[in-house]
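Participant: Enclosed is the structure file start-v4.txt (compact mmCIF, C-alpha atoms).
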# COMPACT_ATOMS: atom_id res chain seq x y z
CA MET A 745 68.37 -95.91 -173.44
CA GLY A 746 69.87 -98.93 -171.61
CA CYS A 747 72.73 -96.88 -170.28
CA SER A 748 70.58 -94.02 -169.23
CA GLY A 749 68.35 -96.47 -167.44
CA SER A 750 71.33 -97.92 -165.66
CA LYS A 751 72.44 -94.50 -164.48
CA GLY A 752 68.97 -93.75 -163.31
CA PHE A 753 69.09 -96.87 -161.14
CA GLU A 754 72.45 -96.16 -159.56
CA GLU A 755 71.79 -92.55 -158.64
CA PRO A 756 69.51 -93.30 -155.72
CA GLN A 757 72.16 -95.69 -154.30
CA SER A 758 74.72 -92.94 -154.33
CA GLN A 759 72.41 -90.67 -152.35
CA GLN A 760 71.50 -93.28 -149.70
CA PRO A 761 74.79 -93.10 -147.79
CA GLN A 762 74.48 -89.31 -147.70
CA ALA A 763 71.04 -89.56 -146.19
CA HIS A 764 72.34 -92.11 -143.66
CA GLN A 765 75.28 -89.89 -142.93
CA HIS A 766 73.00 -86.94 -142.37
CA GLN A 767 70.86 -88.99 -140.04
CA HIS A 768 73.94 -90.15 -138.15
CA GLY A 769 75.09 -86.60 -137.88
CA SER A 770 71.76 -85.54 -136.49
CA ASN A 771 71.95 -88.34 -133.93
CA ASN A 772 75.42 -87.18 -132.84
CA SER A 773 74.23 -83.65 -132.50
CA HIS A 774 71.36 -84.89 -130.40
CA GLN A 775 73.68 -86.91 -128.16
CA HIS A 776 76.17 -84.08 -127.53
CA SER A 777 73.65 -81.30 -127.01
CA PRO A 778 73.15 -80.26 -123.35
CA SER A 779 70.15 -81.77 -121.65
CA ALA A 780 67.23 -79.51 -120.84
CA PRO A 781 67.17 -78.30 -117.19
CA SER A 782 64.69 -80.02 -114.90
CA PRO A 783 61.86 -78.04 -113.17
CA ALA A 784 63.71 -78.27 -109.85
CA GLN A 785 66.84 -76.77 -111.41
CA ASN A 786 64.76 -74.00 -112.96
CA ARG A 787 63.34 -73.12 -109.54
CA ALA A 788 66.83 -73.18 -107.98
CA GLN A 789 68.21 -70.89 -110.69
CA ALA A 790 65.22 -68.56 -110.54
CA SER A 791 65.49 -68.06 -106.77
CA PRO A 792 68.96 -69.06 -105.52
CA HIS A 793 68.19 -67.80 -101.96
CA SER A 794 64.76 -69.34 -101.64
CA GLU A 795 65.98 -72.45 -99.83
CA THR A 796 68.19 -70.47 -97.48
CA SER A 797 65.46 -68.03 -96.51
CA HIS A 798 63.05 -70.83 -95.63
CA SER A 799 65.54 -73.19 -93.98
CA PRO A 800 65.32 -73.82 -90.18
CA ALA A 801 68.78 -72.30 -89.72
CA ALA A 802 67.68 -69.08 -91.40
CA ALA A 803 64.52 -68.96 -89.32
CA HIS A 804 66.59 -69.42 -86.17
CA SER A 805 68.98 -66.66 -87.16
CA GLN A 806 66.10 -64.27 -87.73
CA SER A 807 64.45 -64.99 -84.38
CA PRO A 808 65.11 -62.47 -81.52
CA SER A 809 68.13 -63.30 -79.42
CA PRO A 810 67.80 -63.71 -75.58
CA ALA A 811 69.93 -60.58 -75.15
CA ALA A 812 67.04 -58.52 -76.49
CA HIS A 813 65.13 -59.22 -73.22
CA ARG A 814 67.96 -58.40 -70.82
CA PRO A 815 67.34 -54.63 -70.60
CA GLN A 816 63.71 -55.33 -69.64
CA ALA A 817 64.84 -57.70 -66.89
CA ALA A 818 67.28 -55.11 -65.56
CA THR A 819 64.55 -52.47 -65.64
CA ALA A 820 62.22 -54.77 -63.73
CA LYS A 821 64.81 -55.20 -61.00
CA LYS A 822 65.43 -51.47 -60.89
CA ASP A 823 61.72 -50.75 -60.53
CA ASP A 824 61.17 -53.50 -57.96
CA PRO A 825 59.89 -51.76 -54.80
CA ASN A 826 61.49 -54.45 -52.65
CA LYS A 827 64.92 -53.34 -53.85
CA VAL A 828 64.58 -49.70 -52.80
CA ILE A 829 67.47 -48.61 -50.56
CA VAL A 830 66.85 -45.75 -48.14
CA PRO A 831 69.79 -43.31 -48.05
CA ARG A 832 71.81 -43.12 -44.83
CA ASN A 833 70.64 -39.65 -43.72
CA PHE A 834 66.96 -40.42 -44.33
CA ARG A 835 67.32 -43.58 -42.30
CA LEU A 836 69.02 -41.76 -39.40
CA LEU A 837 66.47 -38.95 -39.43
CA ASP A 838 63.75 -41.57 -39.12
CA GLU A 839 65.54 -43.13 -36.15
CA LEU A 840 65.96 -39.69 -34.58
CA GLU A 841 62.24 -39.03 -34.82
CA LYS A 842 61.42 -42.39 -33.25
CA GLY A 843 63.91 -41.73 -30.45
CA GLN A 844 62.28 -38.38 -29.67
CA LYS A 845 58.89 -40.08 -29.41
CA ALA A 846 60.13 -43.00 -27.35
CA GLU A 847 58.42 -43.47 -24.00
CA ARG A 848 60.10 -44.32 -20.74
CA ALA A 849 58.11 -47.57 -20.58
CA GLN A 850 60.29 -48.88 -23.45
CA HIS A 851 63.26 -48.89 -21.04
CA VAL A 852 65.64 -47.53 -23.71
CA SER A 853 66.20 -44.12 -25.29
CA TRP A 854 68.51 -42.56 -27.92
CA GLY A 855 69.20 -39.23 -29.57
CA LEU A 856 71.90 -37.08 -31.16
CA ALA A 857 74.85 -36.21 -28.94
CA LYS A 858 75.00 -32.74 -30.56
CA ASP A 859 72.00 -30.99 -32.03
CA ASP A 860 74.17 -29.35 -34.70
CA ASP A 861 75.71 -32.64 -35.89
CA MET A 862 74.84 -32.42 -39.59
CA THR A 863 76.47 -35.79 -40.28
CA LEU A 864 74.14 -37.57 -37.81
CA SER A 865 77.11 -39.64 -36.64
CA GLU A 866 77.39 -39.30 -32.83
CA TRP A 867 74.54 -40.47 -30.62
CA ASN A 868 73.82 -40.88 -26.93
CA ALA A 869 71.64 -43.66 -25.52
CA THR A 870 70.41 -45.01 -22.20
CA ILE A 871 69.29 -48.38 -20.92
CA PHE A 872 67.22 -48.78 -17.75
CA GLY A 873 68.42 -51.85 -15.87
CA PRO A 874 65.94 -54.75 -15.81
CA ILE A 875 64.41 -55.79 -12.51
CA ASP A 876 65.55 -58.84 -10.59
CA THR A 877 69.10 -58.40 -11.84
CA VAL A 878 72.23 -56.66 -10.57
CA PHE A 879 71.40 -53.89 -13.07
CA ASP A 880 68.03 -53.08 -11.46
CA ASN A 881 67.36 -49.44 -10.51
CA ARG A 882 70.32 -48.24 -12.54
CA ILE A 883 70.51 -46.15 -15.71
CA TYR A 884 73.35 -46.99 -18.07
CA SER A 885 74.60 -44.45 -20.59
CA LEU A 886 76.02 -45.43 -23.95
CA SER A 887 77.70 -43.80 -26.91
CA ILE A 888 76.84 -44.88 -30.48
CA VAL A 889 78.86 -43.83 -33.53
CA CYS A 890 77.22 -44.37 -36.92
CA GLY A 891 79.90 -44.33 -39.62
CA THR A 892 79.50 -43.38 -43.25
CA SER A 893 78.65 -47.00 -44.11
CA TYR A 894 75.73 -47.19 -41.68
CA PRO A 895 73.26 -48.94 -41.91
CA ASP A 896 75.09 -51.29 -44.28
CA GLU A 897 77.57 -51.81 -41.45
CA PRO A 898 76.81 -51.78 -37.71
CA PRO A 899 77.66 -48.78 -35.53
CA ILE A 900 80.30 -48.71 -32.79
CA VAL A 901 78.58 -49.05 -29.41
CA SER A 902 80.21 -48.32 -26.06
CA PHE A 903 79.03 -48.08 -22.45
CA THR A 904 80.13 -44.82 -20.83
CA THR A 905 78.80 -46.07 -17.50
CA PRO A 906 81.09 -48.71 -15.94
CA ILE A 907 79.56 -52.17 -16.37
CA HIS A 908 80.52 -55.83 -16.30
CA MET A 909 78.96 -57.98 -19.02
CA ASN A 910 80.28 -60.90 -21.05
CA CYS A 911 79.72 -59.01 -24.31
CA VAL A 912 81.46 -55.80 -23.18
CA GLU A 913 85.21 -55.09 -23.27
CA GLY A 914 87.04 -53.61 -20.29
CA ASP A 915 86.88 -50.12 -21.83
CA GLY A 916 83.10 -50.38 -22.24
CA THR A 917 83.05 -51.18 -25.98
CA VAL A 918 80.46 -53.76 -26.97
CA LYS A 919 82.23 -56.68 -28.65
CA SER A 920 81.79 -56.81 -32.41
CA ASN A 921 81.21 -60.57 -32.26
CA TRP A 922 78.21 -60.15 -29.98
CA GLY A 923 74.75 -61.16 -31.20
CA ILE A 924 73.16 -58.48 -33.34
CA LEU A 925 76.48 -56.81 -34.24
CA ALA A 926 77.96 -60.07 -35.49
CA ASN A 927 74.84 -60.88 -37.51
CA TRP A 928 74.08 -57.36 -38.63
CA LYS A 929 71.38 -56.68 -41.21
CA ARG A 930 70.56 -53.41 -42.88
CA ASP A 931 67.09 -53.40 -41.35
CA TYR A 932 68.48 -53.37 -37.79
CA THR A 933 68.40 -50.09 -35.87
CA MET A 934 69.92 -48.54 -32.77
CA GLU A 935 66.75 -49.44 -30.91
CA ASN A 936 67.31 -53.10 -31.79
CA ILE A 937 70.84 -52.89 -30.37
CA LEU A 938 69.69 -51.31 -27.10
CA ASP A 939 66.89 -53.83 -26.67
CA GLY A 940 69.35 -56.66 -27.33
CA LEU A 941 71.78 -55.37 -24.69
CA ARG A 942 68.99 -55.06 -22.14
CA ARG A 943 67.95 -58.66 -22.78
CA GLU A 944 71.60 -59.65 -22.40
CA MET A 945 71.51 -58.21 -18.89
CA THR A 946 68.84 -60.76 -17.97
CA SER A 947 70.78 -63.77 -19.30
CA PRO A 948 72.09 -66.25 -16.69
CA PRO A 949 75.79 -65.39 -17.20
CA ASN A 950 75.15 -61.66 -16.61
CA ARG A 951 72.15 -61.22 -14.34
CA LYS A 952 74.13 -61.92 -11.15
CA LEU A 953 77.53 -60.78 -12.37
CA ALA A 954 79.38 -58.55 -9.89
CA GLN A 955 79.48 -54.94 -11.06
CA PRO A 956 82.18 -52.28 -10.69
CA ALA A 957 82.15 -50.41 -7.39
CA GLY A 958 80.20 -47.19 -7.53
CA SER A 959 78.47 -48.05 -10.76
Written as structure tokens, how would this file's structure read?

Facilitator:
Amino acid sequence: MGCSGSKGFEEPQSQQPQAHQHQHGSNNSHQHSPSAPSPAQNRAQASPHSETSHSPAAAHSQSPSPAAHRPQAATAKKDDPNKVIVPRNFRLLDELEKGQKAERAQHVSWGLAKDDDMTLSEWNATIFGPIDTVFDNRIYSLSIVCGTSYPDEPPIVSFTTPIHMNCVEGDGTVKSNWGILANWKRDYTMENILDGLRREMTSPPNRKLAQPAGS
């Protein structure tokens, strides 16, 4: 009985280290096990593109580019009535009609040199000399050639009647560096040129200038 009691006392001691070892093992397993993911990590794993789709850079990349508005701007310019360009022949036909309706009181006239000129290139014109000048009581004839670039470029203007003026060459051609020809605009017309030449006749350098004999 004494020995059996002794063995009964020692048996729990032999089991105590095993229990401690088991507890230590459970602690090690707890230390080496991966930690549970945080709520933020769960959201990142659940929607990996959520941050990119809502970032300012993504919003900027999804916004319309300025190039998307360029065709509208070009269309607006094309439809702008102020940018309409009248074709050459329409412009010359309009000038022809005005020349046919011109009255003698305007002191200038112009018209086609040939009625069958389908190109509307060669024109004749006249200027009635202004009073109180050496050109008074005289009618001066001119030739006007409207090239293919008219009215973007000025026409070639020449006096067929002999005349002395500072803006006219010896052969009667009006100098290209004179007034309206040098500062040509598309809105200018043959009538503007003839009116400008008549005013030039009244200028101090020309109004008393000696003229060719028999002119």

Participant: Using Å and a single decimal, report how far atom CA of Asn936 of chain A sits from atom CA of Gly958 of chain A.

Facilitator: 28.1 Å

Participant: Rounded to one decimal in Å, what is the spacing between atom CA of Lys929 of chain A and atom CA of Ile829 of chain A?

Facilitator: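 About the pair atom CA of Lys929 of chain A and atom CA of Ile829 of chain A: they are 13.0 Å apart.
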
Participant: So, with all atoms listed in the file as the atoms that count, which of A:Ile883, A:Ile900, A:Ala957, A:Met934 lies closest to Lys842 of chain A?

Facilitator: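 Distance minimum relative to Lys842 of chain A lands on A:Met934.
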
Participant: Which residues come within 8 Å of Pro899 of chain A, counting only C-alpha atoms, excluding same-chain residues fewer than 6 positions away, as a PyMOL selection string?

Facilitator: chain A and resi 888-891

Participant: Near Val852 of chain A, within 9 Å and counting all atoms listed in the file, which residues show up once chain neighbours fewer than 4 positions away are dropped, as an MDAnalysis selection string?

Facilitator: chainID A and resid 846:848 869:872 935 938:939 942

Participant: For Asp896 of chain A, which residue out of A:Asp860, A:Glu866, A:Asp876, A:Asp931 is the nearest one, using all atoms listed in the file?

Facilitator: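 Under the stated criterion, the closest residue is A:Asp931.
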
Participant: Which one of A:Thr877, A:Ser853, A:Thr904, A:Thr892 sits closest to Asn950 of chain A if you count all atoms listed in the file?

Facilitator: A:Thr877

Participant: What is the atom CA of Gln850 of chain A-atom CA of Phe834 of chain A distance in Å, reported with one decimal?

Facilitator: 23.5 Å

Participant: Show me, as a PyMOL selection string, the residues that have an atom within 12 Å of His908 of chain A when counting all atoms listed in the file, minus same-chain residues fewer than 5 positions from it.

Facilitator: chain A and resi 878-879+884+903+913-918+944-945+949-957+959

Participant: Please determine, counting all atoms listed in the file, which residue among A:Leu864, A:Ile875, A:Leu856, A:Val901 has the shortest atom-to-atom distance to Gly843 of chain A.

Facilitator: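 Among the listed residues, the smallest separation from Gly843 of chain A belongs to A:Leu856.
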
Participant: Would you kindly return, as an mmCIF file with C-alpha atoms, in the coordinates of the input, each protein, DNA or RNA residue with an atom no farther than 12 Å from any atom of Val830 of chain A, considering all atoms listed in the file and excluding same-chain residues fewer than 4 positions away?

Facilitator:
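Saved file result_10.cif follows:
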data_model
loop_
_atom_site.group_PDB
_atom_site.id
_atom_site.type_symbol
_atom_site.label_atom_id
_atom_site.label_comp_id
_atom_site.auth_asym_id
_atom_site.auth_seq_id
_atom_site.Cartn_x
_atom_site.Cartn_y
_atom_site.Cartn_z
ATOM 1 C CA PRO A 825 59.890 -51.760 -54.800
ATOM 2 C CA ASN A 826 61.490 -54.450 -52.650
ATOM 3 C CA PHE A 834 66.960 -40.420 -44.330
ATOM 4 C CA ARG A 835 67.320 -43.580 -42.300
ATOM 5 C CA LEU A 836 69.020 -41.760 -39.400
ATOM 6 C CA LEU A 837 66.470 -38.950 -39.430
ATOM 7 C CA ASP A 838 63.750 -41.570 -39.120
ATOM 8 C CA TYR A 894 75.730 -47.190 -41.680
ATOM 9 C CA PRO A 895 73.260 -48.940 -41.910
ATOM 10 C CA ASP A 896 75.090 -51.290 -44.280
ATOM 11 C CA ARG A 930 70.560 -53.410 -42.880
ATOM 12 C CA ASP A 931 67.090 -53.400 -41.350
#
